[in-house]
Amino acid sequence: HDACEEFKQNMISKETKNQGMDYIKQKCKYIDNFNDFMKMPKNVKMFSQVDSSDIDRYVVYRIHEGNVSAKTVADEVRNIKLMFDFATKYKYFESENPALNPDIPKHNPKKRIPIPTQYVLEVLRSKEISEKDRAYWSICYYTGLRASDAGALKKEQVHKDRILIHDTEKTDVPVEIPLHPKLKKMNIVNVYTKKGDRDESTQRFKKELLKIGYEQRADIHSLRHTFNMMMLREGGLSSKDRKKMLAHSSEATTADIYTHMDFDFIDEKIRSLP
C-alpha cells in the first residue's frame, strides 16, 4: 500500500507540469483499481509477494467482471509496470517486475472514417463553442496534424505561410503544411498543450457533432482521415505527398488505413462518364 501511494504522489509531482489533472487522476485510478483487487479476501498477500499470475488474474477480472476493454486494461497494466519499476528502485520490491509480459487479449479497435466536411464546418461555425476549441479543431481540420502536435504548436513552428515541424511527436517525421487563411486569423500557438485538456476538448467536439445529427463514431483523430480524403479528392495529391503531410512513417499507412472508399464520389464520377 505504501509503495502504491508513494508512486502516485511521485507521478503527480512529476506529471502535473505536462498533463492535465484529469489525466493524472485517471492514472492514479488505475493504480487504485489494482490495489483494490489485491485487497480482496482471495487475493490478499504482501506487496513483495505479487507475481505475474496475480497480474494475469487481474487482467481477467477487469475484462470479465469489470467489463473493461482490452485496450484500457493494457493501459492499466502499463501503469502497474511503472509502479513496480518504482517499487524496485526504492526497495519495496526485489523480484522481477510481474507486469513485464501480461496475457492481455488483442483488442480490435473500430476503424475510423472521415467526418463529412459539411458536419465539420457546421461545428466550426457554431457560436456556442469556445475560441480555444474552435482554434484547436480548426488546426486539426485544416492541417491533418495529430492531436498532440496540433495542440502544442510552438511560435517558431508557425510561419507566415506554413506550419513547419521538424520532429512530430509520434514518428519524429518532419512535416510542412501550407497555412490556411482561416488559421492566420486565429491564435493557434499552444492551444492545448496538456493531454487532459485535449481529451476534454475531444469530448466537447463529439457532443457538438451529436447536436447537429452526426451519430457515427468520431473524434478529433477522425479529422486526420477527413484531411487525407480532402487532399485526395479535392487536391488530387498522391499517397506519397499525403504521407509527408500526415507525417506517416510509411506510405502504406496512408494508403491502407487513411484512404477510404467514398461511394457517392465514385458514383458521381461514373455518372459523368460520356
# chains A, B, ... in the order shown; residues from 1 in each chain; ligands from 1
call {"tool": "select_by_dssp", "arguments": {"residues": "stretch 149-235 of chain A", "states": "alpha helix (DSSP H)", "output": "PyMOL selection string"}}
result
chain A and resi 149-151+181-184+195-211+222-233
call {"tool": "write_last_selection", "arguments": {"atoms": "N, CA, C and O atoms", "output": "compact mmCIF listing (two decimals), in the first residue's frame"}}
result
# COMPACT_ATOMS: atom_id res chain seq x y z
N ASP A 149 0.37 17.20 -31.66
CA ASP A 149 1.12 18.24 -32.37
C ASP A 149 0.26 19.49 -32.58
O ASP A 149 0.74 20.62 -32.46
N ALA A 150 -1.03 19.29 -32.89
CA ALA A 150 -1.93 20.41 -33.14
C ALA A 150 -2.13 21.26 -31.90
O ALA A 150 -2.21 22.49 -31.97
N GLY A 151 -2.22 20.62 -30.74
CA GLY A 151 -2.49 21.36 -29.51
C GLY A 151 -1.27 22.05 -28.93
O GLY A 151 -1.41 22.92 -28.08
N PRO A 181 -5.80 30.27 -44.75
CA PRO A 181 -6.15 31.66 -44.40
C PRO A 181 -6.92 31.80 -43.09
O PRO A 181 -6.71 32.75 -42.34
N LYS A 182 -7.81 30.85 -42.79
CA LYS A 182 -8.59 30.94 -41.56
C LYS A 182 -7.72 30.76 -40.32
O LYS A 182 -7.99 31.34 -39.27
N LEU A 183 -6.67 29.94 -40.44
CA LEU A 183 -5.78 29.74 -39.31
C LEU A 183 -4.94 30.98 -39.03
O LEU A 183 -4.51 31.21 -37.90
N LYS A 184 -4.70 31.78 -40.07
CA LYS A 184 -3.91 33.00 -39.90
C LYS A 184 -4.62 34.02 -39.01
O LYS A 184 -3.99 34.89 -38.43
N LYS A 195 -2.42 16.81 -22.34
CA LYS A 195 -3.27 15.76 -22.89
C LYS A 195 -4.67 15.78 -22.27
O LYS A 195 -5.67 15.57 -22.97
N GLY A 196 -4.75 16.03 -20.97
CA GLY A 196 -6.05 16.08 -20.32
C GLY A 196 -6.95 17.15 -20.92
O GLY A 196 -8.15 16.92 -21.11
N ASP A 197 -6.38 18.29 -21.23
CA ASP A 197 -7.16 19.38 -21.85
C ASP A 197 -7.60 19.00 -23.25
O ASP A 197 -8.72 19.31 -23.67
N ARG A 198 -6.72 18.31 -23.99
CA ARG A 198 -7.09 17.87 -25.35
C ARG A 198 -8.20 16.82 -25.29
O ARG A 198 -9.11 16.83 -26.13
N ASP A 199 -8.11 15.92 -24.33
CA ASP A 199 -9.14 14.89 -24.18
C ASP A 199 -10.50 15.51 -23.87
O ASP A 199 -11.53 15.09 -24.41
N GLU A 200 -10.51 16.51 -23.00
CA GLU A 200 -11.76 17.18 -22.66
C GLU A 200 -12.32 17.92 -23.88
O GLU A 200 -13.54 17.91 -24.11
N SER A 201 -11.45 18.52 -24.67
CA SER A 201 -11.89 19.21 -25.89
C SER A 201 -12.47 18.21 -26.88
O SER A 201 -13.46 18.50 -27.56
N THR A 202 -11.86 17.02 -26.96
CA THR A 202 -12.37 15.98 -27.85
C THR A 202 -13.79 15.58 -27.47
O THR A 202 -14.65 15.38 -28.34
N GLN A 203 -14.05 15.46 -26.16
CA GLN A 203 -15.39 15.11 -25.71
C GLN A 203 -16.40 16.19 -26.12
O GLN A 203 -17.52 15.89 -26.53
N ARG A 204 -15.99 17.45 -26.03
CA ARG A 204 -16.88 18.54 -26.44
C ARG A 204 -17.12 18.49 -27.95
O ARG A 204 -18.23 18.76 -28.42
N PHE A 205 -16.10 18.14 -28.71
CA PHE A 205 -16.23 18.02 -30.16
C PHE A 205 -17.26 16.94 -30.52
O PHE A 205 -18.12 17.14 -31.38
N LYS A 206 -17.18 15.81 -29.85
CA LYS A 206 -18.11 14.72 -30.11
C LYS A 206 -19.55 15.12 -29.77
O LYS A 206 -20.49 14.77 -30.49
N LYS A 207 -19.70 15.89 -28.69
CA LYS A 207 -21.04 16.35 -28.31
C LYS A 207 -21.61 17.32 -29.34
O LYS A 207 -22.80 17.28 -29.65
N GLU A 208 -20.73 18.18 -29.89
CA GLU A 208 -21.19 19.12 -30.91
C GLU A 208 -21.64 18.38 -32.17
O GLU A 208 -22.63 18.77 -32.81
N LEU A 209 -20.93 17.33 -32.52
CA LEU A 209 -21.34 16.53 -33.69
C LEU A 209 -22.71 15.88 -33.46
O LEU A 209 -23.55 15.85 -34.37
N LEU A 210 -22.92 15.37 -32.25
CA LEU A 210 -24.21 14.76 -31.94
C LEU A 210 -25.34 15.79 -32.00
O LEU A 210 -26.45 15.48 -32.45
N LYS A 211 -25.06 17.01 -31.58
CA LYS A 211 -26.07 18.07 -31.59
C LYS A 211 -26.61 18.33 -32.99
O LYS A 211 -27.78 18.65 -33.18
N SER A 222 -10.33 11.63 -36.09
CA SER A 222 -11.06 11.41 -37.34
C SER A 222 -10.79 12.52 -38.34
O SER A 222 -10.91 12.32 -39.56
N LEU A 223 -10.44 13.71 -37.84
CA LEU A 223 -10.18 14.83 -38.73
C LEU A 223 -8.93 14.61 -39.58
O LEU A 223 -8.80 15.19 -40.66
N ARG A 224 -8.01 13.76 -39.12
CA ARG A 224 -6.85 13.40 -39.95
C ARG A 224 -7.32 12.60 -41.16
O ARG A 224 -6.79 12.75 -42.27
N HIS A 225 -8.30 11.74 -40.95
CA HIS A 225 -8.86 10.96 -42.06
C HIS A 225 -9.62 11.89 -43.01
O HIS A 225 -9.54 11.73 -44.24
N THR A 226 -10.35 12.84 -42.44
CA THR A 226 -11.07 13.82 -43.27
C THR A 226 -10.08 14.61 -44.12
O THR A 226 -10.27 14.80 -45.33
N PHE A 227 -9.01 15.08 -43.49
CA PHE A 227 -8.00 15.88 -44.19
C PHE A 227 -7.36 15.06 -45.32
O PHE A 227 -7.19 15.56 -46.44
N ASN A 228 -7.04 13.82 -45.04
CA ASN A 228 -6.43 12.97 -46.06
C ASN A 228 -7.33 12.82 -47.28
O ASN A 228 -6.88 12.93 -48.43
N MET A 229 -8.62 12.58 -47.02
CA MET A 229 -9.55 12.39 -48.13
C MET A 229 -9.79 13.68 -48.90
O MET A 229 -9.99 13.67 -50.12
N MET A 230 -9.76 14.83 -48.21
CA MET A 230 -9.90 16.11 -48.91
C MET A 230 -8.70 16.35 -49.82
O MET A 230 -8.84 16.81 -50.95
N MET A 231 -7.51 16.01 -49.33
CA MET A 231 -6.30 16.19 -50.14
C MET A 231 -6.28 15.24 -51.34
O MET A 231 -5.72 15.55 -52.39
N LEU A 232 -6.93 14.08 -51.19
CA LEU A 232 -7.01 13.13 -52.30
C LEU A 232 -8.07 13.57 -53.31
O LEU A 232 -7.81 13.64 -54.51
N ARG A 233 -9.26 13.89 -52.82
CA ARG A 233 -10.38 14.20 -53.71
C ARG A 233 -10.29 15.59 -54.31
O ARG A 233 -10.32 15.76 -55.52
call {"tool": "select_by_dssp", "arguments": {"residues": "stretch 121-207 of chain A", "states": "strand (DSSP E or B)", "output": "PyMOL selection string"}}
result
chain A and resi 158+162-165+175-178
call {"tool": "write_last_selection", "arguments": {"atoms": "N, CA, C and O atoms", "output": "PDB file, in the first residue's frame"}}
result
ATOM      1  N   VAL A 158       5.117  28.137 -36.440  1.00  0.00           N
ATOM      2  CA  VAL A 158       4.072  28.789 -37.235  1.00  0.00           C
ATOM      3  C   VAL A 158       4.685  29.964 -37.995  1.00  0.00           C
ATOM      4  O   VAL A 158       5.057  30.981 -37.411  1.00  0.00           O
ATOM      5  N   ARG A 162       3.135  28.952 -43.644  1.00  0.00           N
ATOM      6  CA  ARG A 162       3.159  27.500 -43.435  1.00  0.00           C
ATOM      7  C   ARG A 162       3.390  27.145 -41.970  1.00  0.00           C
ATOM      8  O   ARG A 162       3.820  27.987 -41.161  1.00  0.00           O
ATOM      9  N   ILE A 163       3.111  25.878 -41.677  1.00  0.00           N
ATOM     10  CA  ILE A 163       3.473  25.290 -40.386  1.00  0.00           C
ATOM     11  C   ILE A 163       4.617  24.329 -40.657  1.00  0.00           C
ATOM     12  O   ILE A 163       4.517  23.473 -41.548  1.00  0.00           O
ATOM     13  N   LEU A 164       5.696  24.447 -39.920  1.00  0.00           N
ATOM     14  CA  LEU A 164       6.879  23.610 -40.137  1.00  0.00           C
ATOM     15  C   LEU A 164       7.310  22.991 -38.805  1.00  0.00           C
ATOM     16  O   LEU A 164       7.746  23.693 -37.891  1.00  0.00           O
ATOM     17  N   ILE A 165       7.137  21.684 -38.706  1.00  0.00           N
ATOM     18  CA  ILE A 165       7.531  20.950 -37.504  1.00  0.00           C
ATOM     19  C   ILE A 165       8.659  20.000 -37.888  1.00  0.00           C
ATOM     20  O   ILE A 165       8.486  19.139 -38.754  1.00  0.00           O
ATOM     21  N   VAL A 175       7.268  17.684 -40.849  1.00  0.00           N
ATOM     22  CA  VAL A 175       6.077  17.953 -41.652  1.00  0.00           C
ATOM     23  C   VAL A 175       6.012  19.448 -41.978  1.00  0.00           C
ATOM     24  O   VAL A 175       6.347  20.293 -41.150  1.00  0.00           O
ATOM     25  N   GLU A 176       5.606  19.744 -43.206  1.00  0.00           N
ATOM     26  CA  GLU A 176       5.475  21.119 -43.664  1.00  0.00           C
ATOM     27  C   GLU A 176       4.121  21.257 -44.354  1.00  0.00           C
ATOM     28  O   GLU A 176       3.839  20.560 -45.330  1.00  0.00           O
ATOM     29  N   ILE A 177       3.273  22.131 -43.812  1.00  0.00           N
ATOM     30  CA  ILE A 177       1.907  22.256 -44.301  1.00  0.00           C
ATOM     31  C   ILE A 177       1.582  23.725 -44.564  1.00  0.00           C
ATOM     32  O   ILE A 177       1.815  24.574 -43.696  1.00  0.00           O
ATOM     33  N   PRO A 178       1.030  24.044 -45.726  1.00  0.00           N
ATOM     34  CA  PRO A 178       0.619  25.438 -46.001  1.00  0.00           C
ATOM     35  C   PRO A 178      -0.386  25.912 -44.949  1.00  0.00           C
ATOM     36  O   PRO A 178      -1.235  25.140 -44.492  1.00  0.00           O
TER      37      PRO A 178
END
call {"tool": "residues_around", "arguments": {"residues": "A:Glu5", "least_positions_apart": "5", "cutoff": "10 Å", "atoms": "only C-alpha atoms", "output": "VMD selection string"}}
result
chain A and resid 10 to 11 28 31 to 32 35 83
call {"tool": "closest_residue", "arguments": {"among": "A:Ala218, A:Pro105, A:Asp133, A:Leu237", "to": "A:His64", "atoms": "only C-alpha atoms"}}
result
A:Pro105
call {"tool": "residues_around", "arguments": {"residues": "stretch 95-103 of chain A", "least_positions_apart": "5", "cutoff": "9 Å", "atoms": "only C-alpha atoms", "output": "mmCIF file with N, CA and C atoms, in the first residue's frame"}}
result
data_model
loop_
_atom_site.group_PDB
_atom_site.id
_atom_site.type_symbol
_atom_site.label_atom_id
_atom_site.label_comp_id
_atom_site.auth_asym_id
_atom_site.auth_seq_id
_atom_site.Cartn_x
_atom_site.Cartn_y
_atom_site.Cartn_z
ATOM 1 N N SER A 48 5.387 -7.450 -1.665
ATOM 2 C CA SER A 48 6.629 -8.055 -2.156
ATOM 3 C C SER A 48 6.422 -9.451 -2.722
ATOM 4 N N GLN A 49 5.238 -10.035 -2.498
ATOM 5 C CA GLN A 49 4.965 -11.396 -2.973
ATOM 6 C C GLN A 49 4.155 -11.428 -4.274
ATOM 7 N N VAL A 50 3.751 -10.281 -4.793
ATOM 8 C CA VAL A 50 2.975 -10.235 -6.031
ATOM 9 C C VAL A 50 3.804 -10.807 -7.177
ATOM 10 N N ASP A 51 3.188 -11.665 -7.988
ATOM 11 C CA ASP A 51 3.894 -12.235 -9.134
ATOM 12 C C ASP A 51 3.054 -12.117 -10.401
ATOM 13 N N SER A 52 3.552 -12.648 -11.505
ATOM 14 C CA SER A 52 2.890 -12.491 -12.802
ATOM 15 C C SER A 52 1.503 -13.124 -12.836
ATOM 16 N N SER A 53 1.295 -14.184 -12.044
ATOM 17 C CA SER A 53 -0.034 -14.821 -12.032
ATOM 18 C C SER A 53 -1.087 -13.874 -11.464
ATOM 19 N N ASP A 54 -0.686 -13.012 -10.525
ATOM 20 C CA ASP A 54 -1.617 -12.021 -9.972
ATOM 21 C C ASP A 54 -2.007 -10.995 -11.034
ATOM 22 N N ILE A 55 -1.041 -10.601 -11.852
ATOM 23 C CA ILE A 55 -1.328 -9.652 -12.931
ATOM 24 C C ILE A 55 -2.276 -10.283 -13.944
ATOM 25 N N ASP A 56 -2.031 -11.548 -14.290
ATOM 26 C CA ASP A 56 -2.899 -12.229 -15.263
ATOM 27 C C ASP A 56 -4.320 -12.369 -14.721
ATOM 28 N N VAL A 59 -6.051 -9.030 -15.008
ATOM 29 C CA VAL A 59 -6.489 -8.762 -16.381
ATOM 30 C C VAL A 59 -7.819 -9.452 -16.653
ATOM 31 N N VAL A 60 -7.921 -10.724 -16.289
ATOM 32 C CA VAL A 60 -9.160 -11.484 -16.497
ATOM 33 C C VAL A 60 -10.305 -10.860 -15.711
ATOM 34 N N ALA A 74 -4.845 -2.780 -20.933
ATOM 35 C CA ALA A 74 -3.436 -2.668 -21.326
ATOM 36 C C ALA A 74 -2.836 -1.373 -20.775
ATOM 37 N N VAL A 77 -2.252 -1.877 -17.032
ATOM 38 C CA VAL A 77 -1.089 -2.728 -16.742
ATOM 39 C C VAL A 77 0.218 -1.983 -17.002
ATOM 40 N N ARG A 78 0.218 -1.105 -18.005
ATOM 41 C CA ARG A 78 1.424 -0.302 -18.249
ATOM 42 C C ARG A 78 1.748 0.560 -17.023
ATOM 43 N N ILE A 80 0.790 -0.160 -13.942
ATOM 44 C CA ILE A 80 1.189 -1.090 -12.873
ATOM 45 C C ILE A 80 2.666 -1.455 -13.037
ATOM 46 N N LYS A 81 3.092 -1.651 -14.271
ATOM 47 C CA LYS A 81 4.503 -1.954 -14.544
ATOM 48 C C LYS A 81 5.397 -0.807 -14.048
ATOM 49 N N LEU A 82 4.985 0.434 -14.354
ATOM 50 C CA LEU A 82 5.755 1.595 -13.908
ATOM 51 C C LEU A 82 5.814 1.655 -12.377
ATOM 52 N N PHE A 84 5.770 -0.937 -10.324
ATOM 53 C CA PHE A 84 6.725 -1.935 -9.843
ATOM 54 C C PHE A 84 8.164 -1.548 -10.176
ATOM 55 N N ASP A 85 8.362 -0.840 -11.280
ATOM 56 C CA ASP A 85 9.699 -0.291 -11.560
ATOM 57 C C ASP A 85 10.107 0.675 -10.449
ATOM 58 N N THR A 88 10.828 -1.249 -7.230
ATOM 59 C CA THR A 88 12.147 -1.894 -7.270
ATOM 60 C C THR A 88 13.253 -0.888 -6.980
#
call {"tool": "atom_distance", "arguments": {"atom1": "atom CA of A:Lys185", "atom2": "atom CA of A:Ser148"}}
result
21.3 Å
call {"tool": "closest_residue", "arguments": {"among": "A:Lys243, A:Lys71, A:Arg62, A:Lys29", "to": "A:Leu145", "atoms": "only C-alpha atoms"}}
result
A:Lys243
call {"tool": "closest_residue", "arguments": {"among": "A:Pro41, A:Pro114, A:Gly144, A:Pro174", "to": "A:Gln216", "atoms": "only C-alpha atoms"}}
result
A:Pro114
call {"tool": "closest_residue", "arguments": {"among": "A:Val120, A:Ile115, A:Val173, A:Val189", "to": "A:Lys132", "atoms": "only C-alpha atoms"}}
result
A:Val189
call {"tool": "atom_distance", "arguments": {"atom1": "atom CA of A:Glu76", "atom2": "atom CA of A:Tyr30"}}
result
5.2 Å
call {"tool": "atom_distance", "arguments": {"atom1": "atom CA of A:Thr259", "atom2": "atom CA of A:Ser126"}}
result
28.3 Å
call {"tool": "closest_residue", "arguments": {"among": "A:Ile212, A:Ile257, A:Ala252, A:Ile24", "to": "A:Arg125", "atoms": "only C-alpha atoms"}}
result
A:Ile212
call {"tool": "closest_residue", "arguments": {"among": "A:Phe47, A:Glu268, A:Thr253, A:Thr171", "to": "A:Ala87", "atoms": "only C-alpha atoms"}}
result
A:Phe47
